[in-house]
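Visitor: Quick one: structure below, then a few questions.
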Amino acid sequence: MAAQAPLSFEDLLPLMAEKLGGEGLIRELCNGFRLLTDADKGVITFDSLKNNSGILGLQELTDDDLRNMLKEGDLDGDGVLNQMEFCVLMFRLSPELMQQSEMLLEEALSQQDFSFCF
């Protein structure tokens with residue numbers, strides 16, 4: 001029996017979106033952000049990403065991988081990821097979900113209650 005390749009993030013995020021809907025996906029992204037956040041600074045720093053990446057099964061990423069992840073998601077150039085940058089990065093890492101993102105964003109925004117993120 002041939003072993004199946006493990007599912008990647010790119011495979012899982014669209015499945016999560018389909019199962020959870022827009023609001024549920026945003027809630028899970030907020031939870032992921034909180035898991036990786038530096039508790040004192042309220043953002044994802046290199047150190048917080050390195051220290052907490054094992055929680056999400058990313059322990060095999062090198063320091064360069066982690067730095068590149070931060071650099072790719074850091075839209076304002078401050079060297080860290082805020083919650084919006086993190087969510088944008090997660091969507092960008094999943095091309096299939098990018099196609100669905102407008103619908104999901106509209107659904108989430110129609111709820112107009114983002115208290116679950118804070």
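Just so we're on the same page: first chain in the structure tokens is A, next is B, and so on; residues restart at 1 for each chain, and ligands are numbered from 1 in the order they show up.
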If we count only C-alpha atoms and set the cut-off at 12 Å, which residues sit around Leu75 in chain A, ignoring sequence neighbours fewer than 2 positions away in its own chain? Please answer as a list in words.
Guide: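 Returned residues: Met69, Leu70, Lys71, Glu72, Gly73, Gly77, Asp78, Gly79, Val80, Leu81, Asn82, Gln83, Met84, Glu85, Phe86, Cys87, Val88 and Leu89 of chain A.
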Visitor: Range 27-35 of chain A: which residues within 8 Å, counting only C-alpha atoms, same-chain residues fewer than 2 positions away excluded, as a list in words?
Guide: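 Residues meeting the cut-off are Glu23, Gly24, Leu25, Thr37, Ile44, Asn52, Ile55, Gln83, Phe86, Cys87, Phe116 and Cys117 of chain A.
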Visitor: Rank nothing, just name the residue among A:Asp74, A:Leu36, A:Val43, A:Arg92 nearest to Leu58 in chain A, using only C-alpha atoms.
Guide: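 Closest to Leu58 in chain A, using only C-alpha atoms: A:Leu36.
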Visitor: What does the structure give for the distance between CA of Ile26 in chain A and CA of Asp64 in chain A, in Å to one decimal?
Guide: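 Interatomic distance, CA of Ile26 in chain A to CA of Asp64 in chain A: 27.7 Å.
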